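The data block below is structure02.txt; it holds compact mmCIF, C-alpha atoms.
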# COMPACT_ATOMS: atom_id res chain seq x y z
CA MET A 1 -33.28 76.20 35.41
CA ILE A 2 -30.29 76.08 33.05
CA THR A 3 -29.63 79.13 30.92
CA ARG A 4 -28.34 78.99 27.36
CA ARG A 5 -25.17 80.80 28.50
CA ASP A 6 -24.44 78.13 31.18
CA LEU A 7 -25.11 75.29 28.75
CA ILE A 8 -22.63 76.63 26.19
CA LYS A 9 -20.05 77.45 28.88
CA ASN A 10 -20.24 73.98 30.46
CA ALA A 11 -20.14 72.26 27.09
CA VAL A 12 -17.01 74.16 25.99
CA THR A 13 -15.14 73.52 29.26
CA GLY A 14 -16.19 69.87 29.24
CA ILE A 15 -15.02 69.25 25.68
CA ALA A 16 -11.76 71.13 26.34
CA GLY A 17 -11.11 69.02 29.41
CA ILE A 18 -11.73 65.77 27.56
CA ALA A 19 -9.69 66.88 24.57
CA LEU A 20 -6.65 67.72 26.67
CA PRO A 21 -4.41 64.81 25.72
CA LEU A 22 -2.88 62.87 28.57
CA VAL A 23 0.50 62.85 26.89
CA SER A 24 0.78 66.59 27.39
CA VAL A 25 1.07 65.94 31.12
CA LYS A 26 4.54 64.68 32.01
CA ILE A 27 4.53 62.57 35.12
CA ILE A 28 7.72 63.17 37.03
CA ASN A 29 9.14 60.18 38.82
CA ALA A 30 10.55 61.57 42.05
CA ALA A 31 12.85 58.61 42.62
CA GLU A 32 14.25 58.84 39.10
CA THR A 33 14.99 62.54 39.53
CA LEU A 34 16.63 62.12 42.91
CA PHE A 35 18.65 58.92 42.23
CA PRO A 36 19.44 58.87 38.50
CA ASP A 37 22.23 56.27 38.94
CA ARG A 38 19.68 53.71 40.07
CA PHE A 39 17.87 53.99 36.75
CA GLU A 40 20.84 53.76 34.40
CA LYS A 41 20.58 50.66 32.22
CA PRO A 42 23.63 48.46 32.76
CA SER A 43 25.41 47.46 29.55
CA VAL A 44 25.08 43.74 30.29
CA LEU A 45 21.99 41.57 30.65
CA TRP A 46 22.74 37.86 30.77
CA GLY A 47 20.57 35.58 28.68
CA PHE A 48 20.65 31.89 27.91
CA VAL A 49 19.60 29.73 24.98
CA VAL A 50 18.96 25.99 25.30
CA ASP A 51 18.77 24.07 22.02
CA THR A 52 16.80 20.98 22.99
CA LEU A 53 17.27 19.56 19.49
CA LYS A 54 21.01 19.23 20.13
CA CYS A 55 20.84 17.68 23.61
CA VAL A 56 21.75 13.98 23.73
CA GLY A 57 21.24 13.52 27.46
CA CYS A 58 24.90 12.89 28.35
CA GLY A 59 24.69 14.91 31.56
CA LEU A 60 28.21 16.34 31.27
CA CYS A 61 26.69 19.77 32.03
CA VAL A 62 25.32 18.51 35.35
CA LYS A 63 28.63 16.88 36.30
CA ALA A 64 30.59 20.06 35.49
CA CYS A 65 28.08 22.29 37.30
CA LYS A 66 28.16 20.24 40.48
CA GLU A 67 31.95 20.22 40.60
CA GLU A 68 32.36 23.87 39.65
CA ASN A 69 29.81 25.12 42.17
CA GLU A 70 30.61 22.75 45.07
CA ILE A 71 27.22 21.04 45.15
CA PRO A 72 27.62 17.76 47.11
CA TYR A 73 28.23 15.26 44.31
CA ASN A 74 26.53 12.18 45.71
CA THR A 75 23.19 13.83 46.41
CA PRO A 76 20.24 14.13 44.01
CA ILE A 77 20.26 17.94 44.30
CA SER A 78 21.67 20.04 41.48
CA ARG A 79 21.58 23.59 40.14
CA THR A 80 20.96 22.28 36.66
CA TRP A 81 19.48 19.03 35.42
CA VAL A 82 18.37 17.26 32.26
CA GLU A 83 14.87 15.82 31.91
CA ARG A 84 13.89 12.94 29.65
CA TYR A 85 10.45 13.03 28.03
CA ILE A 86 9.00 9.90 26.48
CA ILE A 87 5.60 10.40 24.85
CA LEU A 88 3.97 7.06 24.18
CA LYS A 89 1.64 6.31 21.30
CA ASP A 90 -1.27 5.91 23.73
CA GLY A 91 -0.75 9.54 24.85
CA ARG A 92 0.93 8.86 28.17
CA VAL A 93 3.96 11.01 29.00
CA LEU A 94 6.87 9.54 30.96
CA ILE A 95 9.24 12.08 32.53
CA ASP A 96 12.33 11.31 34.60
CA SER A 97 15.62 12.81 35.68
CA PRO A 98 17.54 10.24 37.73
CA ASP A 99 20.05 11.99 40.03
CA ALA A 100 19.43 15.16 37.97
CA ALA A 101 21.02 13.22 35.05
CA ARG A 102 24.45 13.59 36.64
CA ASP A 103 25.57 10.33 35.01
CA GLY A 104 23.59 10.85 31.83
CA TYR A 105 20.94 8.59 30.36
CA THR A 106 22.36 5.13 29.78
CA SER A 107 19.29 2.93 30.04
CA GLN A 108 15.95 2.62 28.29
CA LYS A 109 14.32 2.02 31.65
CA VAL A 110 12.21 4.82 33.09
CA ARG A 111 11.93 4.34 36.87
CA ASP A 112 12.56 0.58 36.63
CA THR A 113 9.95 0.25 33.87
CA VAL A 114 11.20 -1.02 30.53
CA VAL A 115 9.70 1.02 27.70
CA ASN A 116 9.14 -0.84 24.47
CA PRO A 117 10.70 1.27 21.68
CA GLU A 118 7.77 0.42 19.42
CA ASN A 119 5.37 2.24 21.77
CA ILE A 120 7.36 5.49 21.71
CA ALA A 121 5.78 8.28 19.67
CA LYS A 122 8.57 10.72 20.48
CA ALA A 123 11.34 11.01 23.02
CA PHE A 124 13.82 13.77 23.75
CA PHE A 125 15.89 15.52 26.42
CA VAL A 126 15.36 18.97 27.93
CA PRO A 127 18.10 20.66 29.98
CA LYS A 128 16.84 22.90 32.76
CA LEU A 129 18.42 25.59 34.91
CA CYS A 130 17.43 28.81 36.65
CA ASN A 131 15.52 31.08 34.26
CA GLN A 132 16.90 34.25 35.94
CA CYS A 133 13.41 35.76 35.57
CA GLU A 134 12.93 39.45 34.94
CA ASN A 135 10.15 39.28 37.55
CA PRO A 136 11.53 36.68 39.97
CA PRO A 137 8.86 35.42 42.39
CA CYS A 138 11.59 33.92 44.58
CA VAL A 139 12.98 37.40 45.26
CA GLN A 140 9.58 38.90 46.04
CA VAL A 141 8.86 36.39 48.79
CA CYS A 142 12.20 36.65 50.63
CA PRO A 143 11.39 38.18 54.01
CA VAL A 144 14.94 39.31 54.83
CA GLY A 145 16.42 40.59 51.56
CA ALA A 146 18.81 37.67 51.20
CA THR A 147 18.03 37.02 47.55
CA TYR A 148 18.10 39.70 44.91
CA LYS A 149 18.56 40.55 41.27
CA THR A 150 21.94 41.94 40.25
CA PRO A 151 22.06 44.88 37.80
CA ASP A 152 23.05 42.43 35.03
CA GLY A 153 19.97 40.31 35.60
CA VAL A 154 21.21 37.35 37.67
CA ILE A 155 19.38 36.23 40.80
CA LEU A 156 21.76 35.49 43.68
CA VAL A 157 21.42 34.33 47.28
CA ASP A 158 23.36 36.03 50.08
CA ARG A 159 24.53 33.05 52.11
CA THR A 160 25.35 35.15 55.17
CA TRP A 161 21.92 36.75 55.18
CA CYS A 162 19.60 33.82 54.28
CA ILE A 163 17.68 32.46 57.27
CA GLY A 164 16.70 29.25 55.47
CA CYS A 165 12.94 29.73 55.73
CA GLY A 166 12.40 28.09 52.34
CA TYR A 167 9.75 30.49 51.01
CA CYS A 168 11.78 31.03 47.82
CA ILE A 169 12.08 27.28 47.26
CA GLN A 170 8.30 27.01 47.36
CA SER A 171 7.65 30.07 45.24
CA CYS A 172 9.80 29.14 42.21
CA PRO A 173 7.44 27.85 39.50
CA TYR A 174 10.35 26.04 37.86
CA GLY A 175 11.59 24.21 40.94
CA VAL A 176 15.19 25.34 40.49
CA ARG A 177 15.83 26.23 44.12
CA PHE A 178 16.81 23.78 46.81
CA PHE A 179 18.31 23.70 50.27
CA HIS A 180 22.12 23.51 50.41
CA PRO A 181 22.92 20.74 52.91
CA VAL A 182 26.34 22.17 53.81
CA HIS A 183 25.68 25.90 54.02
CA LYS A 184 22.11 25.42 55.30
CA VAL A 185 20.73 28.14 53.05
CA ALA A 186 18.68 28.37 49.87
CA GLU A 187 20.74 27.51 46.82
CA LYS A 188 20.25 28.14 43.12
CA CYS A 189 21.95 28.46 39.76
CA THR A 190 23.98 31.69 39.56
CA PHE A 191 24.74 31.46 35.81
CA CYS A 192 28.25 30.77 37.22
CA TYR A 193 28.45 34.44 38.25
CA HIS A 194 32.11 33.99 39.21
CA ARG A 195 32.90 32.85 35.65
CA ILE A 196 30.73 35.12 33.50
CA THR A 197 31.95 38.24 35.30
CA LYS A 198 35.54 37.21 34.46
CA GLY A 199 34.82 36.77 30.75
CA MET A 200 34.42 33.01 30.88
CA LYS A 201 31.28 31.06 30.06
CA THR A 202 29.29 29.00 32.52
CA ALA A 203 30.55 25.50 33.34
CA CYS A 204 27.50 23.84 31.76
CA VAL A 205 27.89 25.79 28.50
CA GLU A 206 31.57 24.85 28.27
CA ALA A 207 31.04 21.22 29.23
CA CYS A 208 28.37 20.57 26.59
CA PRO A 209 30.10 18.97 23.59
CA PHE A 210 27.12 19.60 21.31
CA GLY A 211 26.50 23.32 21.80
CA ALA A 212 23.05 22.73 23.28
CA ARG A 213 23.63 25.51 25.81
CA GLN A 214 24.72 29.08 25.11
CA ILE A 215 25.04 32.18 27.26
CA GLY A 216 25.35 35.76 26.08
CA ASN A 217 24.64 39.43 26.61
CA LEU A 218 21.11 40.37 25.55
CA ARG A 219 21.99 44.10 25.47
CA ASP A 220 24.58 43.50 22.71
CA ARG A 221 22.94 43.39 19.27
CA ASN A 222 25.84 41.42 17.80
CA ASP A 223 25.90 38.79 20.50
CA PRO A 224 25.11 35.32 19.04
CA VAL A 225 22.62 34.56 21.82
CA ALA A 226 20.80 37.87 21.40
CA LYS A 227 20.64 37.20 17.66
CA ILE A 228 19.11 33.76 18.17
CA ILE A 229 16.46 35.15 20.50
CA SER A 230 15.57 38.01 18.20
CA THR A 231 15.60 36.10 14.89
CA GLU A 232 14.83 32.45 15.60
CA ARG A 233 11.76 30.64 16.91
CA VAL A 234 12.26 30.37 20.65
CA ALA A 235 9.98 29.85 23.61
CA VAL A 236 10.18 30.18 27.38
CA LEU A 237 8.89 27.89 30.09
CA LYS A 238 5.56 28.71 31.78
CA ASP A 239 5.11 31.99 29.95
CA ALA A 240 1.65 32.47 31.50
CA TYR A 241 3.17 33.00 34.94
CA GLY A 242 4.48 36.39 33.83
CA THR A 243 7.92 35.78 35.30
CA LYS A 244 9.63 36.70 32.00
CA PRO A 245 12.39 34.07 31.95
CA GLN A 246 15.77 34.94 30.43
CA VAL A 247 16.36 31.32 29.38
CA TYR A 248 14.99 30.65 25.91
CA TYR A 249 14.41 27.22 24.41
CA ILE A 250 14.73 26.12 20.79
CA GLY A 251 12.52 23.16 19.86
CA LEU A 252 10.39 23.21 22.99
CA ASP A 253 7.62 20.60 22.99
CA GLU A 254 4.17 21.30 24.42
CA ASN A 255 4.61 18.41 26.84
CA VAL A 256 7.54 20.15 28.54
CA ARG A 257 6.48 21.79 31.76
CA MET B 1 -2.36 61.80 83.88
CA LYS B 2 -1.18 59.43 86.55
CA ASN B 3 2.40 58.22 86.29
CA TYR B 4 1.50 54.51 86.39
CA ALA B 5 -0.68 54.94 83.32
CA LEU B 6 2.28 56.21 81.31
CA ARG B 7 4.77 53.52 82.41
CA PRO B 8 3.91 50.99 79.63
CA LEU B 9 4.45 53.76 77.11
CA TYR B 10 7.97 54.43 78.45
CA VAL B 11 8.74 50.71 78.25
CA ILE B 12 7.59 50.59 74.61
CA ILE B 13 9.62 53.69 73.70
CA CYS B 14 12.71 52.12 75.33
CA LEU B 15 12.15 48.88 73.40
CA VAL B 16 11.87 50.78 70.11
CA ILE B 17 15.10 52.63 70.85
CA VAL B 18 16.88 49.37 71.70
CA VAL B 19 15.68 47.76 68.46
CA LEU B 20 16.81 50.78 66.45
CA ILE B 21 20.26 50.70 68.09
CA ILE B 22 20.66 46.95 67.42
CA ARG B 23 19.53 47.49 63.83
CA GLU B 24 22.10 50.27 63.36
CA VAL B 25 24.90 48.01 64.61
CA TYR B 26 23.77 44.71 63.06
CA VAL B 27 22.67 45.68 59.54
CA PRO B 28 25.67 46.16 57.23
CA LYS B 29 26.25 49.65 55.86
CA ASP B 30 25.92 48.50 52.23
CA PHE B 31 22.48 47.01 52.83
CA GLY B 32 19.81 48.84 50.90
CA VAL B 33 18.13 49.17 47.53
CA HIS B 34 20.70 48.55 44.77
CA GLY B 35 19.29 48.08 41.32
CA GLU B 36 16.04 49.05 39.70
CA SER B 37 13.57 48.54 42.53
CA TYR B 38 12.98 47.88 46.19
CA MET B 39 11.20 44.64 45.31
CA TYR B 40 14.11 43.03 43.47
CA GLY B 41 17.12 45.09 44.54
CA TRP B 42 16.94 45.15 48.34
CA HIS B 43 20.15 43.42 49.41
CA ARG B 44 23.69 43.66 50.73
CA LYS B 45 25.76 45.07 47.85
CA GLY B 46 28.96 43.38 49.04
CA ASN B 47 27.48 39.96 48.37
CA GLU B 48 27.79 40.51 44.61
CA ASP B 49 31.57 40.71 45.00
CA GLU B 50 31.56 37.64 47.25
CA TRP B 51 29.94 35.64 44.45
CA LYS B 52 32.37 37.09 41.90
CA ALA B 53 35.25 35.91 44.09
CA PHE B 54 33.98 32.30 44.16
CA LYS B 55 36.73 29.85 43.21
CA VAL B 56 36.84 28.86 39.55
CA LYS B 57 37.68 25.15 39.07
CA TYR B 58 37.24 24.46 35.38
CA LYS B 59 39.36 26.20 32.79
CA PHE B 60 37.62 24.61 29.78
CA ASP B 61 40.28 25.89 27.40
CA ASN B 62 41.75 23.20 25.19
CA GLU B 63 44.31 25.71 23.86
CA TYR B 64 45.74 25.97 27.39
CA CYS B 65 46.22 22.19 27.45
CA LYS B 66 47.86 22.30 24.02
CA ASP B 67 50.86 24.24 25.30
CA CYS B 68 52.24 21.17 27.10
CA HIS B 69 50.21 18.25 25.74
CA SER B 70 50.33 19.07 22.05
CA ASP B 71 50.55 15.39 21.02
CA LYS B 72 47.34 14.54 22.88
CA TYR B 73 45.71 17.73 21.61
CA ASP B 74 46.60 16.97 17.99
CA SER B 75 45.34 13.40 18.15
CA ILE B 76 41.94 14.23 19.63
CA MET B 77 41.46 17.24 17.37
CA GLN B 78 41.46 14.92 14.35
CA SER B 79 38.71 12.75 15.79
CA PRO B 80 34.96 13.24 16.33
CA HIS B 81 35.83 13.62 20.00
CA ALA B 82 37.34 17.03 19.25
CA ILE B 83 34.07 18.58 20.47
CA ILE B 84 34.67 17.25 23.98
CA LYS B 85 36.66 19.52 26.27
CA CYS B 86 39.76 17.92 27.86
CA GLU B 87 38.48 18.57 31.39
CA ASN B 88 35.28 16.59 30.81
CA CYS B 89 37.34 13.41 31.14
CA HIS B 90 40.48 14.65 32.90
CA GLY B 91 38.83 16.68 35.66
CA PRO B 92 38.97 20.33 36.73
CA ALA B 93 42.35 21.84 35.90
CA PHE B 94 42.17 25.58 36.53
CA ASP B 95 45.34 25.62 38.65
CA HIS B 96 47.01 22.63 37.00
CA PRO B 97 49.98 21.95 36.95
CA THR B 98 50.34 23.63 40.38
CA ASP B 99 47.20 22.20 41.96
CA PRO B 100 46.71 19.35 41.26
CA PRO B 101 50.12 18.49 39.74
CA LYS B 102 48.68 15.33 38.20
CA LEU B 103 45.16 15.06 36.84
CA THR B 104 43.06 11.97 37.26
CA ILE B 105 41.88 10.23 34.11
CA ASP B 106 38.32 8.95 34.20
CA LYS B 107 38.47 5.68 32.26
CA SER B 108 35.17 4.33 33.55
CA ARG B 109 32.56 2.84 31.23
CA GLY B 110 30.08 5.24 32.77
CA LEU B 111 31.79 8.17 31.09
CA CYS B 112 31.63 6.64 27.60
CA ILE B 113 28.08 5.33 27.80
CA ARG B 114 26.78 8.78 28.69
CA CYS B 115 26.67 9.25 24.92
CA HIS B 116 27.31 5.77 23.51
CA ALA B 117 24.60 3.76 25.28
CA SER B 118 22.13 3.28 22.46
CA LEU B 119 18.71 4.83 23.07
CA PRO B 120 15.92 4.50 20.48
CA TYR B 121 14.83 8.16 20.47
CA PRO B 122 14.62 9.31 16.84
CA GLN B 123 13.71 12.92 17.76
CA ALA B 124 16.75 13.36 19.99
CA SER B 125 20.13 13.81 18.36
CA ARG B 126 21.28 10.97 20.59
CA SER B 127 20.25 8.68 17.73
CA ASN B 128 22.96 10.25 15.53
CA ILE B 129 25.66 8.88 17.84
CA ARG B 130 26.89 5.36 17.33
CA GLY B 131 25.74 3.41 20.36
CA ILE B 132 26.00 0.02 22.03
CA ASP B 133 23.99 -1.90 24.59
CA PRO B 134 26.19 -1.47 27.69
CA ASP B 135 24.88 -4.73 29.19
CA LYS B 136 25.85 -6.80 26.18
CA HIS B 137 28.91 -5.09 24.66
CA ASN B 138 31.86 -6.50 26.68
CA ALA B 139 30.16 -5.50 29.90
CA GLU B 140 33.02 -6.52 32.16
CA ILE B 141 35.88 -4.44 30.75
CA GLU B 142 36.72 -0.78 30.36
CA CYS B 143 36.01 0.72 26.93
CA SER B 144 39.57 2.05 26.72
CA MET B 145 40.91 -1.53 26.73
CA CYS B 146 40.00 -1.67 23.02
CA HIS B 147 39.05 1.87 21.97
CA ASN B 148 41.43 4.82 22.18
CA PRO B 149 39.35 7.81 23.38
CA HIS B 150 41.70 10.15 21.50
CA LYS B 151 41.32 8.12 18.30
CA PRO B 152 37.97 6.40 18.68
CA SER B 153 37.54 5.21 15.09
CA LEU B 154 37.69 1.46 14.51
CA GLU B 155 41.04 1.87 12.73
CA GLY B 156 42.38 3.20 16.02
CA MET B 157 41.49 -0.03 17.84
CA LYS B 158 44.20 -1.21 20.11
Structure encoded using structure tokens:
Amino acid sequence: MITRRDLIKNAVTGIAGIALPLVSVKIINAAETLFPDRFEKPSVLWGFVVDTLKCVGCGLCVKACKEENEIPYNTPISRTWVERYIILKDGRVLIDSPDAARDGYTSQKVRDTVVNPENIAKAFFVPKLCNQCENPPCVQVCPVGATYKTPDGVILVDRTWCIGCGYCIQSCPYGVRFFHPVHKVAEKCTFCYHRITKGMKTACVEACPFGARQIGNLRDRNDPVAKIISTERVAVLKDAYGTKPQVYYIGLDENVR
Amino acid sequence: MKNYALRPLYVIICLVIVVLIIREVYVPKDFGVHGESYMYGWHRKGNEDEWKAFKVKYKFDNEYCKDCHSDKYDSIMQSPHAIIKCENCHGPAFDHPTDPPKLTIDKSRGLCIRCHASLPYPQASRSNIRGIDPDKHNAEIECSMCHNPHKPSLEGMK
């Protein structure tokens, strides 16, 4: 039997409890209180813009990258590469990247097949490199802590610590990782960490005669790259994966994967 | 409890202690969580500096080249090839003239046809570059036999 007094009492407490806004409760993060230095935002976050409209497929970026970063030159592996997309009028898509486009595109042949120019609906080049994801799957899967994200947002591999299990190579949705045949460890684009931390730009950015590649600091409002990303129409690769890439593309076609 | 029943436990405790001692010696002191989270920041801090110390090979600064090679610099700067960095054709030159004292010059056709092999792709800016068919356009000789890379216009023909 419920009395009138109980009903009113329960109703008032219930409404008061529901009305208490959640924002009035401050959740204290113990880690943030104990180690404040770990949560300070660094002043630099490296970001990259690729303008696919400017790329001519010369491959000078690939050549410079391989020489700068000591990637064995006469192997098909590379930290960066350029893909050619040929979309035919019948809807077929031809994609190739011979030797990672180290010697550029000099022939109309795609894998020994001659493509008749009259059948081409559209054709273009897309440079690729590590996206330096905000949520890098390759780092999550490393069982030994050999790969990590630096405070300025670059994913690196500790060559002395990597055991060469290859999980990270499998986990990258963009296929940017490979096995280094000399060091016998996982290898990837470092945004030329040795150059950008000395005030220089990456080898691929410098080597490109057409300005198709740019690198900059996304935490600096006046940085040209940050301005492009915040004011122009850019897209990232495989957005649905939730990796949050830091490499943005201008003029990205839906056929690019 | 009987002693023999506890023996496996002692062995396990000893093993754990041995593993902990090895871990203390083997794992570097700067190994830990550096950065925003355990998931992405668990690493050896010293490795960041190792990557920063990696050897730079390309200078990519045409102004540096100008100091000694001002004639070459001036000629290419007046041509459409001004957008190409010197080291793209002349090789890495970070420590030049100390190491190497003399740079190699890549005069191969392969270097020129990276851009100048004609490809019929109207959506790529490749089609804005004057191109040739490398198989038909004097296939047997180097481009630089006729064209001066520093003055590539037809008036600059050798």
Under the rule of at most 9 Å, produce a per-residue listing of chain B near chain A: chain, number, name, the closest pair of atoms, and the distance in Å, as JSON lines, using all atoms listed in the file.
{"residue": "B:Phe31", "atom": "CA", "partner": "A:Gly145", "partner_atom": "CA", "distance": 8.9}
{"residue": "B:Gly32", "atom": "CA", "partner": "A:Gly145", "partner_atom": "CA", "distance": 8.9}
{"residue": "B:Val33", "atom": "CA", "partner": "A:Arg38", "partner_atom": "CA", "distance": 8.9}
{"residue": "B:His34", "atom": "CA", "partner": "A:Arg38", "partner_atom": "CA", "distance": 7.1}
{"residue": "B:Gly35", "atom": "CA", "partner": "A:Pro151", "partner_atom": "CA", "distance": 5.5}
{"residue": "B:Glu36", "atom": "CA", "partner": "A:Arg38", "partner_atom": "CA", "distance": 5.9}
{"residue": "B:Ser37", "atom": "CA", "partner": "A:Arg38", "partner_atom": "CA", "distance": 8.4}
{"residue": "B:Met39", "atom": "CA", "partner": "A:Gln140", "partner_atom": "CA", "distance": 6.0}
{"residue": "B:Tyr40", "atom": "CA", "partner": "A:Tyr148", "partner_atom": "CA", "distance": 5.4}
{"residue": "B:Gly41", "atom": "CA", "partner": "A:Tyr148", "partner_atom": "CA", "distance": 5.5}
{"residue": "B:Trp42", "atom": "CA", "partner": "A:Gly145", "partner_atom": "CA", "distance": 5.6}
{"residue": "B:His43", "atom": "CA", "partner": "A:Gly145", "partner_atom": "CA", "distance": 5.2}
{"residue": "B:Arg44", "atom": "CA", "partner": "A:Asp158", "partner_atom": "CA", "distance": 7.7}
{"residue": "B:Asn47", "atom": "CA", "partner": "A:Asp158", "partner_atom": "CA", "distance": 5.9}
{"residue": "B:Glu48", "atom": "CA", "partner": "A:Thr150", "partner_atom": "CA", "distance": 7.4}
{"residue": "B:Asp49", "atom": "CA", "partner": "A:His194", "partner_atom": "CA", "distance": 8.9}
{"residue": "B:Glu50", "atom": "CA", "partner": "A:Asp158", "partner_atom": "CA", "distance": 8.8}
{"residue": "B:Trp51", "atom": "CA", "partner": "A:His194", "partner_atom": "CA", "distance": 5.9}
{"residue": "B:Lys52", "atom": "CA", "partner": "A:His194", "partner_atom": "CA", "distance": 4.1}
{"residue": "B:Ala53", "atom": "CA", "partner": "A:His194", "partner_atom": "CA", "distance": 6.1}
{"residue": "B:Phe54", "atom": "CA", "partner": "A:His194", "partner_atom": "CA", "distance": 5.6}
{"residue": "B:Lys55", "atom": "CA", "partner": "A:His194", "partner_atom": "CA", "distance": 7.4}
{"residue": "B:Val56", "atom": "CA", "partner": "A:Glu68", "partner_atom": "CA", "distance": 6.7}
{"residue": "B:Lys57", "atom": "CA", "partner": "A:Glu68", "partner_atom": "CA", "distance": 5.5}
{"residue": "B:Tyr58", "atom": "CA", "partner": "A:Glu68", "partner_atom": "CA", "distance": 6.5}
{"residue": "B:Lys59", "atom": "CA", "partner": "A:Met200", "partner_atom": "CA", "distance": 8.6}
{"residue": "B:Phe60", "atom": "CA", "partner": "A:Glu206", "partner_atom": "CA", "distance": 6.2}
{"residue": "B:Asp61", "atom": "CA", "partner": "A:Glu206", "partner_atom": "CA", "distance": 8.8}
{"residue": "B:His81", "atom": "CA", "partner": "A:Pro209", "partner_atom": "CA", "distance": 8.6}
{"residue": "B:Ala82", "atom": "CA", "partner": "A:Pro209", "partner_atom": "CA", "distance": 8.7}
{"residue": "B:Ile83", "atom": "CA", "partner": "A:Pro209", "partner_atom": "CA", "distance": 5.1}
{"residue": "B:Ile84", "atom": "CA", "partner": "A:Pro209", "partner_atom": "CA", "distance": 4.9}
{"residue": "B:Lys85", "atom": "CA", "partner": "A:Ala207", "partner_atom": "CA", "distance": 6.6}
{"residue": "B:Glu87", "atom": "CA", "partner": "A:Ala207", "partner_atom": "CA", "distance": 8.2}
{"residue": "B:Asn88", "atom": "CA", "partner": "A:Ala207", "partner_atom": "CA", "distance": 6.5}
{"residue": "B:Gly91", "atom": "CA", "partner": "A:Ala64", "partner_atom": "CA", "distance": 8.9}
{"residue": "B:Pro92", "atom": "CA", "partner": "A:Glu67", "partner_atom": "CA", "distance": 8.0}
{"residue": "B:Gly110", "atom": "CA", "partner": "A:Asp103", "partner_atom": "CA", "distance": 7.2}
{"residue": "B:Leu111", "atom": "CA", "partner": "A:Asp103", "partner_atom": "CA", "distance": 7.7}
{"residue": "B:Ile113", "atom": "CA", "partner": "A:Thr106", "partner_atom": "CA", "distance": 6.1}
{"residue": "B:Arg114", "atom": "CA", "partner": "A:Cys58", "partner_atom": "CA", "distance": 4.5}
{"residue": "B:Cys115", "atom": "CA", "partner": "A:Cys58", "partner_atom": "CA", "distance": 5.3}
{"residue": "B:His116", "atom": "CA", "partner": "A:Thr106", "partner_atom": "CA", "distance": 8.0}
{"residue": "B:Ala117", "atom": "CA", "partner": "A:Thr106", "partner_atom": "CA", "distance": 5.2}
{"residue": "B:Ser118", "atom": "CA", "partner": "A:Thr106", "partner_atom": "CA", "distance": 7.6}
{"residue": "B:Leu119", "atom": "CA", "partner": "A:Gln108", "partner_atom": "CA", "distance": 6.3}
{"residue": "B:Pro120", "atom": "CA", "partner": "A:Pro117", "partner_atom": "CA", "distance": 6.3}
{"residue": "B:Tyr121", "atom": "CA", "partner": "A:Ala123", "partner_atom": "CA", "distance": 5.2}
{"residue": "B:Pro122", "atom": "CA", "partner": "A:Lys122", "partner_atom": "CA", "distance": 7.2}
{"residue": "B:Gln123", "atom": "CA", "partner": "A:Phe124", "partner_atom": "CA", "distance": 6.1}
{"residue": "B:Ala124", "atom": "CA", "partner": "A:Phe124", "partner_atom": "CA", "distance": 4.8}
{"residue": "B:Ser125", "atom": "CA", "partner": "A:Val56", "partner_atom": "CA", "distance": 5.6}
{"residue": "B:Arg126", "atom": "CA", "partner": "A:Val56", "partner_atom": "CA", "distance": 4.4}
{"residue": "B:Ser127", "atom": "CA", "partner": "A:Val56", "partner_atom": "CA", "distance": 8.1}
{"residue": "B:Ile129", "atom": "CA", "partner": "A:Val56", "partner_atom": "CA", "distance": 8.7}
{"residue": "B:Asp133", "atom": "CA", "partner": "A:Ser107", "partner_atom": "CA", "distance": 8.7}
{"residue": "B:Pro134", "atom": "CA", "partner": "A:Thr106", "partner_atom": "CA", "distance": 7.9}
Set the distance at 10 Å and use all atoms listed in the file: which residues neighbour stretch 223-237 of chain A once local chain neighbours fewer than 2 positions away are removed? I'd like the list as a compact mmCIF listing (two decimals) with C-alpha atoms, in the frame of the given file.
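Saved file around.txt follows:
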# COMPACT_ATOMS: atom_id res chain seq x y z
CA TRP A 46 22.74 37.86 30.77
CA GLY A 47 20.57 35.58 28.68
CA PHE A 48 20.65 31.89 27.91
CA VAL A 49 19.60 29.73 24.98
CA VAL A 50 18.96 25.99 25.30
CA ASP A 51 18.77 24.07 22.02
CA LYS A 128 16.84 22.90 32.76
CA ASN A 131 15.52 31.08 34.26
CA PRO A 173 7.44 27.85 39.50
CA TYR A 174 10.35 26.04 37.86
CA ARG A 213 23.63 25.51 25.81
CA GLN A 214 24.72 29.08 25.11
CA ILE A 215 25.04 32.18 27.26
CA GLY A 216 25.35 35.76 26.08
CA ASN A 217 24.64 39.43 26.61
CA LEU A 218 21.11 40.37 25.55
CA ARG A 219 21.99 44.10 25.47
CA ASP A 220 24.58 43.50 22.71
CA ARG A 221 22.94 43.39 19.27
CA ASP A 239 5.11 31.99 29.95
CA ALA A 240 1.65 32.47 31.50
CA TYR A 241 3.17 33.00 34.94
CA THR A 243 7.92 35.78 35.30
CA LYS A 244 9.63 36.70 32.00
CA PRO A 245 12.39 34.07 31.95
CA GLN A 246 15.77 34.94 30.43
CA VAL A 247 16.36 31.32 29.38
CA TYR A 248 14.99 30.65 25.91
CA TYR A 249 14.41 27.22 24.41
CA ILE A 250 14.73 26.12 20.79
CA GLY A 251 12.52 23.16 19.86
CA LEU A 252 10.39 23.21 22.99
CA ASP A 253 7.62 20.60 22.99
CA GLU A 254 4.17 21.30 24.42
CA VAL A 256 7.54 20.15 28.54
CA ARG A 257 6.48 21.79 31.76
Please measure the separation of atom CA of A:Gly164 and atom CA of A:Leu129, giving the value in Å to one decimal.
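Atom-to-atom, atom CA of A:Gly164 and atom CA of A:Leu129 are spaced 21.0 Å apart.
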Nearest residue to B:Pro28 out of B:Lys151, B:Ser79, B:Gly46, B:Val11, using all atoms listed in the file?
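Closest candidate: B:Gly46.
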For atom CA of A:Gly166 and atom CA of A:Phe179, the interatomic separation in Å (one decimal):
7.6 Å
